[in-house]
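Listing of start14.pdb, PDB, C-alpha atoms
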```pdb
MODEL        1
ATOM      1  CA  MET U   1     -10.892 -20.967  -5.974
ATOM      2  CA  PRO U   2     -14.119 -19.253  -7.107
ATOM      3  CA  ASP U   3     -17.132 -19.242  -4.832
ATOM      4  CA  SER U   4     -20.770 -19.282  -5.962
ATOM      5  CA  THR U   5     -20.576 -15.590  -6.970
ATOM      6  CA  GLY U   6     -17.534 -16.146  -9.184
ATOM      7  CA  ARG U   7     -15.173 -14.369  -6.804
ATOM      8  CA  ALA U   8     -11.913 -15.976  -5.790
ATOM      9  CA  THR U   9     -11.747 -17.053  -2.188
ATOM     10  CA  THR U  10      -9.023 -17.807   0.272
ATOM     11  CA  GLY U  11     -10.925 -20.631   1.826
ATOM     12  CA  ARG U  12     -11.657 -18.316   4.772
ATOM     13  CA  GLY U  13     -14.009 -15.768   3.194
ATOM     14  CA  SER U  14     -14.028 -13.463   0.203
ATOM     15  CA  THR U  15     -10.974 -12.114  -1.593
ATOM     16  CA  GLY U  16      -8.669 -10.098   0.599
ATOM     17  CA  ARG U  17      -9.839 -11.495   3.922
ATOM     18  CA  GLY U  18      -7.466 -14.453   4.314
ATOM     19  CA  SER U  19      -5.933 -15.403   7.624
ATOM     20  CA  THR U  20      -5.770 -13.182  10.673
ATOM     21  CA  GLY U  21      -3.161 -10.471  10.191
ATOM     22  CA  ARG U  22      -2.689 -11.081   6.461
ATOM     23  CA  GLY U  23      -3.646  -7.506   5.568
ATOM     24  CA  ARG U  24      -1.211  -6.130   8.151
ATOM     25  CA  ARG U  25       1.596  -8.306   6.767
ATOM     26  CA  ILE U  26       0.858  -7.116   3.241
ATOM     27  CA  VAL U  27       0.896  -3.450   4.282
ATOM     28  CA  ALA U  28       4.086  -3.944   6.329
ATOM     29  CA  GLY U  29       5.725  -5.652   3.366
ATOM     30  CA  GLN U  30       4.685  -2.838   1.053
ATOM     31  CA  TYR U  31       6.290  -0.307   3.398
ATOM     32  CA  LEU U  32       9.469  -2.378   3.798
ATOM     33  CA  GLY U  33       9.915  -2.854   0.071
ATOM     34  CA  PHE U  34       9.076   0.708  -0.850
ATOM     35  CA  THR U  35      11.324   2.134   1.869
ATOM     36  CA  ALA U  36      14.216   0.073   0.479
ATOM     37  CA  LEU U  37      13.523   1.501  -2.989
ATOM     38  CA  LEU U  38      13.511   5.051  -1.618
ATOM     39  CA  VAL U  39      16.766   4.557   0.313
ATOM     40  CA  ILE U  40      18.528   3.357  -2.832
ATOM     41  CA  ALA U  41      17.038   6.152  -4.954
ATOM     42  CA  VAL U  42      18.059   8.847  -2.457
ATOM     43  CA  ALA U  43      21.595   7.418  -2.231
ATOM     44  CA  ALA U  44      21.871   7.272  -6.038
ATOM     45  CA  ALA U  45      20.514  10.823  -6.328
ATOM     46  CA  TYR U  46      23.158  11.979  -3.856
ATOM     47  CA  GLY U  47      25.772  10.318  -6.051
ATOM     48  CA  ALA U  48      24.299  12.033  -9.089
ATOM     49  CA  THR U  49      24.907  15.434  -7.467
ATOM     50  CA  PHE U  50      28.564  14.930  -8.264
ATOM     51  CA  LEU U  51      27.712  14.989 -11.968
ATOM     52  CA  PRO U  52      27.810  18.245 -13.918
ATOM     53  CA  VAL U  53      24.417  19.994 -13.901
ATOM     54  CA  SER U  54      24.140  19.585 -17.673
ATOM     55  CA  ALA U  55      24.455  15.787 -17.323
ATOM     56  CA  ILE U  56      21.574  15.431 -14.848
ATOM     57  CA  ALA U  57      18.996  16.037 -17.592
ATOM     58  CA  TYR U  58      20.247  12.896 -19.346
ATOM     59  CA  LEU U  59      19.185  10.815 -16.346
ATOM     60  CA  GLY U  60      15.772  11.055 -18.013
ATOM     61  CA  LEU U  61      17.062   8.373 -20.365
ATOM     62  CA  LEU U  62      16.611   5.865 -17.505
ATOM     63  CA  PRO U  63      12.791   6.034 -17.223
ATOM     64  CA  LEU U  64      12.521   6.530 -20.990
ATOM     65  CA  GLY U  65      14.501   3.335 -21.606
ATOM     66  CA  LEU U  66      12.555   1.439 -18.936
ATOM     67  CA  GLY U  67       9.280   2.622 -20.470
ATOM     68  CA  LEU U  68      10.349   1.570 -23.952
ATOM     69  CA  ARG U  69      11.425  -1.827 -22.592
ATOM     70  CA  ALA U  70       8.079  -2.240 -20.793
ATOM     71  CA  ALA U  71       6.217  -1.241 -23.978
ATOM     72  CA  TRP U  72       8.235  -3.768 -25.988
ATOM     73  CA  GLN U  73       7.516  -6.498 -23.430
ATOM     74  CA  ALA U  74       3.793  -5.650 -23.430
ATOM     75  CA  TRP U  75       3.760  -5.803 -27.222
ATOM     76  CA  LYS U  76       5.573  -9.171 -27.227
ATOM     77  CA  ASP U  77       3.233 -10.553 -24.552
ATOM     78  CA  HIS U  78       0.195  -9.345 -26.499
ATOM     79  CA  SER U  79       1.428 -10.869 -29.774
ATOM     80  CA  ASN U  80       1.955 -14.179 -27.922
ATOM     81  CA  GLY U  81      -1.601 -14.026 -26.576
ATOM     82  CA  ASP U  82      -0.491 -13.294 -22.990
ATOM     83  CA  ARG U  83      -1.285  -9.942 -21.390
ATOM     84  CA  GLY U  84       1.347 -10.478 -18.716
ATOM     85  CA  GLU U  85      -1.225 -11.170 -16.025
ATOM     86  CA  GLN U  86       0.346 -12.503 -12.869
ATOM     87  CA  ARG U  87      -1.115 -15.665 -11.432
ATOM     88  CA  ARG U  88      -1.022 -16.174  -7.710
ATOM     89  CA  ASP U  89      -2.345 -18.724  -5.302
ATOM     90  CA  GLU U  90      -4.708 -16.671  -3.157
ATOM     91  CA  ARG U  91      -4.979 -19.504  -0.649
ATOM     92  CA  SER U  92      -1.329 -19.301   0.418
ATOM     93  CA  ASP U  93      -0.346 -17.160   3.379
ATOM     94  CA  VAL U  94       2.182 -14.420   2.860
ATOM     95  CA  THR U  95       4.828 -12.881   5.068
ATOM     96  CA  ALA U  96       5.867  -9.238   5.181
ATOM     97  CA  VAL U  97       9.305 -10.202   3.824
ATOM     98  CA  GLN U  98       7.745 -11.977   0.833
ATOM     99  CA  VAL U  99       5.600  -8.931   0.062
ATOM    100  CA  ALA U 100       8.614  -6.631   0.528
ATOM    101  CA  SER U 101      10.636  -8.756  -1.899
ATOM    102  CA  VAL U 102       7.938  -8.617  -4.553
ATOM    103  CA  THR U 103       7.414  -4.886  -3.972
ATOM    104  CA  PHE U 104      11.143  -4.271  -4.336
ATOM    105  CA  ALA U 105      11.464  -6.437  -7.447
ATOM    106  CA  ASN U 106       8.400  -4.941  -9.127
ATOM    107  CA  GLY U 107       9.347  -1.388  -8.172
ATOM    108  CA  SER U 108      13.048  -1.532  -8.935
ATOM    109  CA  ASP U 109      12.467   0.277 -12.229
ATOM    110  CA  ASN U 110      11.082   3.168 -10.160
ATOM    111  CA  ILE U 111      14.620   3.871  -8.976
ATOM    112  CA  GLY U 112      15.423   4.961 -12.534
ATOM    113  CA  ALA U 113      12.529   7.412 -12.397
ATOM    114  CA  TYR U 114      13.195   8.706  -8.877
ATOM    115  CA  VAL U 115      16.945   9.350  -9.200
ATOM    116  CA  PRO U 116      16.749  12.141 -11.809
ATOM    117  CA  VAL U 117      13.862  13.789  -9.963
ATOM    118  CA  PHE U 118      15.640  13.573  -6.592
ATOM    119  CA  ALA U 119      18.931  14.742  -8.142
ATOM    120  CA  ARG U 120      17.301  17.993  -9.263
ATOM    121  CA  THR U 121      15.616  18.553  -5.887
ATOM    122  CA  GLY U 122      17.214  19.761  -2.676
ATOM    123  CA  ILE U 123      17.187  17.900   0.622
ATOM    124  CA  ALA U 124      13.918  19.546   1.693
ATOM    125  CA  GLY U 125      12.276  18.573  -1.588
ATOM    126  CA  ILE U 126      13.463  14.972  -1.248
ATOM    127  CA  ALA U 127      12.065  14.865   2.293
ATOM    128  CA  VAL U 128       8.685  16.049   0.995
ATOM    129  CA  TYR U 129       8.728  13.490  -1.828
ATOM    130  CA  VAL U 130       9.625  10.675   0.589
ATOM    131  CA  ALA U 131       6.913  11.696   3.070
ATOM    132  CA  VAL U 132       4.269  11.933   0.340
ATOM    133  CA  PHE U 133       5.343   8.603  -1.185
ATOM    134  CA  LEU U 134       5.153   6.846   2.178
ATOM    135  CA  ILE U 135       1.699   8.290   2.871
ATOM    136  CA  LEU U 136       0.568   7.216  -0.592
ATOM    137  CA  VAL U 137       1.752   3.649   0.023
ATOM    138  CA  GLY U 138      -0.983   3.459   2.661
ATOM    139  CA  VAL U 139      -3.496   5.032   0.292
ATOM    140  CA  TRP U 140      -2.551   2.532  -2.438
ATOM    141  CA  CYS U 141      -2.870  -0.369  -0.002
ATOM    142  CA  ALA U 142      -6.373   0.786   0.975
ATOM    143  CA  ALA U 143      -7.302   1.322  -2.682
ATOM    144  CA  GLY U 144      -5.872  -2.072  -3.586
ATOM    145  CA  ARG U 145      -7.988  -3.765  -0.955
ATOM    146  CA  PHE U 146     -11.049  -1.868  -2.170
ATOM    147  CA  PHE U 147     -10.485  -2.716  -5.851
ATOM    148  CA  ALA U 148      -9.481  -6.318  -5.170
ATOM    149  CA  THR U 149     -12.989  -6.912  -3.905
ATOM    150  CA  ARG U 150     -14.565  -5.522  -7.099
ATOM    151  CA  PRO U 151     -13.908  -7.971  -9.954
ATOM    152  CA  ALA U 152     -15.303  -5.709 -12.702
ATOM    153  CA  VAL U 153     -12.915  -2.880 -11.776
ATOM    154  CA  ALA U 154      -9.974  -5.265 -11.451
ATOM    155  CA  THR U 155     -10.717  -6.606 -14.944
ATOM    156  CA  VAL U 156     -10.593  -3.112 -16.482
ATOM    157  CA  ILE U 157      -7.321  -2.285 -14.704
ATOM    158  CA  GLY U 158      -5.885  -5.618 -15.775
ATOM    159  CA  ARG U 159      -6.834  -4.885 -19.362
ATOM    160  CA  TRP U 160      -5.184  -1.432 -19.595
ATOM    161  CA  GLY U 161      -2.400  -1.522 -16.977
ATOM    162  CA  HIS U 162       0.141  -2.984 -19.409
ATOM    163  CA  ILE U 163      -0.347   0.093 -21.619
ATOM    164  CA  LEU U 164      -0.401   2.752 -18.896
ATOM    165  CA  HIS U 165       2.810   1.606 -17.159
ATOM    166  CA  PRO U 166       5.114   2.132 -20.190
ATOM    167  CA  LEU U 167       3.266   5.317 -21.156
ATOM    168  CA  VAL U 168       3.875   6.885 -17.730
ATOM    169  CA  LEU U 169       7.582   5.954 -17.749
ATOM    170  CA  ILE U 170       8.121   7.243 -21.299
ATOM    171  CA  THR U 171       6.307  10.496 -20.488
ATOM    172  CA  LEU U 172       8.361  10.975 -17.311
ATOM    173  CA  GLY U 173      11.611  10.317 -19.170
ATOM    174  CA  LEU U 174      10.747  12.808 -21.916
ATOM    175  CA  PHE U 175       9.657  15.388 -19.329
ATOM    176  CA  ILE U 176      12.983  15.082 -17.496
ATOM    177  CA  LEU U 177      14.965  15.308 -20.730
ATOM    178  CA  ILE U 178      13.026  18.318 -22.046
ATOM    179  CA  HIS U 179      12.720  20.172 -18.711
ATOM    180  CA  GLY U 180      16.396  19.555 -17.960
ATOM    181  CA  GLY U 181      17.489  21.077 -21.259
ATOM    182  CA  ALA U 182      18.904  17.917 -22.851
ATOM    183  CA  PHE U 183      17.767  19.118 -26.276
ATOM    184  CA  GLY U 184      19.245  22.580 -26.034
TER     185      GLY U 184
ENDMDL
END
```
Target format structure tokens, applied to this file:
Amino acid sequence: MPDSTGRATTGRGSTGRGSTGRGRRIVAGQYLGFTALLVIAVAAAYGATFLPVSAIAYLGLLPLGLGLRAAWQAWKDHSNGDRGEQRRDERSDVTAVQVASVTFANGSDNIGAYVPVFARTGIAGIAVYVAVFLILVGVWCAAGRFFATRPAVATVIGRWGHILHPLVLITLGLFILIHGGAFG
């Protein structure tokens, strides 16, 4: 519900303040969900090591396909007058498990991007990727809290996010295909 400044409120202060411990539950849920994604991606990458080396480059088709699907969905949403913006009731309390579930569902397409990268990297490289990703979850949570309290910035991100997401996936897929030698 907007307050006198136009910002959404939780009924207990400005956006992002909510009930006691809400921020901690959101961060914990982000880590739970993202850790589950990484565990599955590492396991799938291990399975991919049993593929011939020449076949690993074709794993780039996964993020490429996901990016094309996301671009198609964004185009359909735009032509229907909907930019795919998610509505949420900011007054409701959240649990870490709810946040983890949403994080996992929203990030499940990342598995398709991580598997080919992890499959071409050794155990030490995977450990570095996992450590950096887990550190960056905290950075993203802090950035998310910062940006959530700035409506003008959130509006710009909301306007262009549906274009950047498919573009990043398509670029990653093409990079994996080209760098892996899929085209000769």
Choose the residue, out of U:Leu61, U:Cys141, U:Val156, U:Ala113, that has the smallest atom-to-atom separation from Leu174 in chain U; count only C-alpha atoms.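 With only C-alpha atoms as the atom set, the closest residue is U:Leu61.
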What's the 10 Å shell around Ile56 in chain U, counting only C-alpha atoms, without same-chain residues fewer than 5 positions away, as a ChimeraX atom specification? /U:45,48-51,115-117,119-120,176-177,180-182
Taking 2 positions as the minimum chain separation for residues in the same chain, which residues sit within 8 Å of range 98-109 of chain U when counting only C-alpha atoms? Answer as an MDAnalysis selection string. chainID U and resid 25:26 28:34 36:37 63 66 94:96 111:113
Just give me the gap between CA of Gly81 in chain U and CA of Trp160 in chain U in Å, one decimal is fine.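 Going from CA of Gly81 in chain U over to CA of Trp160 in chain U, I get 14.8 Å.
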Counting only C-alpha atoms, which of U:Gly60, U:Gly47, U:Gly184, U:Gly125 gets nearest to Leu169 in chain U?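 Among U:Gly60, U:Gly47, U:Gly184, U:Gly125, it is U:Gly60 that comes nearest to Leu169 in chain U.
Our summary of the geometry notes that CA of Gly161 in chain U is positioned 12.9 Å from CA of Gly67 in chain U.
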Nearest candidate to His165 in chain U (options U:Tyr46, U:Phe146, U:Trp72, U:Phe183; using all atoms listed in the file):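 Nearest candidate to His165 in chain U out of U:Tyr46, U:Phe146, U:Trp72, U:Phe183: U:Trp72.
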Mind pulling up the distance from CA of Leu164 in chain U to CA of Val137 in chain U? 19.1 Å
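You can rank U:Ile178, U:Gly173, U:Ile163, U:Val128 by their closest distance to Trp75 in chain U using all atoms listed in the file, and at the top of that list sits U:Ile163.
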Considering all atoms listed in the file, can you say which of U:Leu38, U:Val139, U:Ser79, U:Val27 comes closest to Val97 in chain U?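 Nearest candidate to Val97 in chain U out of U:Leu38, U:Val139, U:Ser79, U:Val27: U:Val27.
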With 5 Å on each side, where is the centre of the axis-aligned box around all listed atoms of range 48-58 of chain U, and how long are its edges in Å to one decimal, as AutoDock Vina command-line options?
```
--center_x 23.8 --center_y 16.0 --center_z -13.4 --size_x 19.6 --size_y 18.0 --size_z 21.9
```
So, with all atoms listed in the file as the atoms that count, which of U:Leu62, U:His179, U:His162, U:Phe118 lies closest to His78 in chain U?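 Result for the nearest residue to His78 in chain U: U:His162.
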Name the residues in contact with Ala154 in chain U at a cut-off of 12 Å, using only C-alpha atoms, excluding same-chain residues fewer than 4 positions from it; report them as a list in words.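 Selected residues are Arg7, Glu85, Ala143, Gly144, Arg145, Phe146, Phe147, Ala148, Thr149, Arg150, Gly158, Arg159, Trp160 and Gly161 of chain U.
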Can you write out the residues you just picked, keeping C-alpha atoms, as a PDB file, in the frame of the given file?
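Contents of selection-v7.pdb, as written:
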```
ATOM      1  CA  ARG U   7     -15.173 -14.369  -6.804  1.00  0.00           C
ATOM      2  CA  GLU U  85      -1.225 -11.170 -16.025  1.00  0.00           C
ATOM      3  CA  ALA U 143      -7.302   1.322  -2.682  1.00  0.00           C
ATOM      4  CA  GLY U 144      -5.872  -2.072  -3.586  1.00  0.00           C
ATOM      5  CA  ARG U 145      -7.988  -3.765  -0.955  1.00  0.00           C
ATOM      6  CA  PHE U 146     -11.049  -1.868  -2.170  1.00  0.00           C
ATOM      7  CA  PHE U 147     -10.485  -2.716  -5.851  1.00  0.00           C
ATOM      8  CA  ALA U 148      -9.481  -6.318  -5.170  1.00  0.00           C
ATOM      9  CA  THR U 149     -12.989  -6.912  -3.905  1.00  0.00           C
ATOM     10  CA  ARG U 150     -14.565  -5.522  -7.099  1.00  0.00           C
ATOM     11  CA  GLY U 158      -5.885  -5.618 -15.775  1.00  0.00           C
ATOM     12  CA  ARG U 159      -6.834  -4.885 -19.362  1.00  0.00           C
ATOM     13  CA  TRP U 160      -5.184  -1.432 -19.595  1.00  0.00           C
ATOM     14  CA  GLY U 161      -2.400  -1.522 -16.977  1.00  0.00           C
TER      15      GLY U 161
END
```
